[in-house]
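Notes to accompany the following structure.
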Amino acid sequence: MDNVTRRDPKKLNNKMSLDQLQALTPNLNWKRYIALVHATAPHHYIVTSPDFFTALNQLIERHPLDHWKTYLGWHLLHQSAPYLSAAIVEENFDFYGHTLSGAEKMQPRWRRCVRAADRDLGEVLGQAYVARAFRPRANSVSSTWSTTSNPRSIRTSSPSIG
């Protein structure tokens, strides 16, 4: 699907049943996959790019299972590298950080940990910060402001925060 086609919401909303999805990709056993991940099968699926699944099906036909195992194993290792041994972390940085990106040295471990926590827990950390940093009275006033339909009533009837 080209960029112009992807901007058309009507072309992205391809509602399909499980049987239709299976027909689109006969080399993927969707029922088995759904069972293995312990998911509940919905009544329908929204397939935003049927062409992708058609091409994926052709790739599955074209390459042997051992190639897929190697390819997916490599991606699992690469995505998990920051959480593995120091040697793997360093090798991953040497190739992706230094060779491909040109970084002279790896960020210190504490900074990598802070970035990972912010990336993975940003919303939850923000909620915890708000709960601790703002007094309950200030929270109740702000919620009163947000639920008031008349902006003038905020100026005249809201208690001061303090």
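Residue numbers start at 1 in each chain; chains themselves are named A, B, ... in the order of the structure tokens; ligands are numbered from 1 in the order shown.
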task: Excluding segment 58-69 of chain A and residues on its chain fewer than 6 positions from it, collect all residues at most 9 Å away from it, counting only C-alpha atoms, and give them as a PyMOL selection string.
output: chain A and resi 25+27-28
- prompt: If you run DSSP on the backbone, which residues of chain A are strand (DSSP E), as a list in words?
  reply: Asn14, Lys15, Met16, Tyr45, Ile46 and Val47 of chain A
- prompt: Residues at most 12 Å from segment 82-87 of chain A, counting only C-alpha atoms, excluding those fewer than 3 positions away in the same chain, as a list in words?
  reply: Leu76, Leu77, His78, Gln79, Glu90, Glu91, Asn92, Phe93, Asp94, Tyr96, Met106, Gln107, Arg109, Arg112, Cys113, Arg115 and Ala116 of chain A
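Between Asp51 of chain A and the candidates A:Asp8, A:Asp19, A:Asp118, A:Asp2, the tightest atom-to-atom separation, counting only C-alpha atoms, involves A:Asp2.
Distance annotation: of A:Leu18, A:Val4, A:Ala131, A:Ala81, the residue with the minimal separation from Pro42 of chain A is A:Leu18; atom set is only C-alpha atoms.
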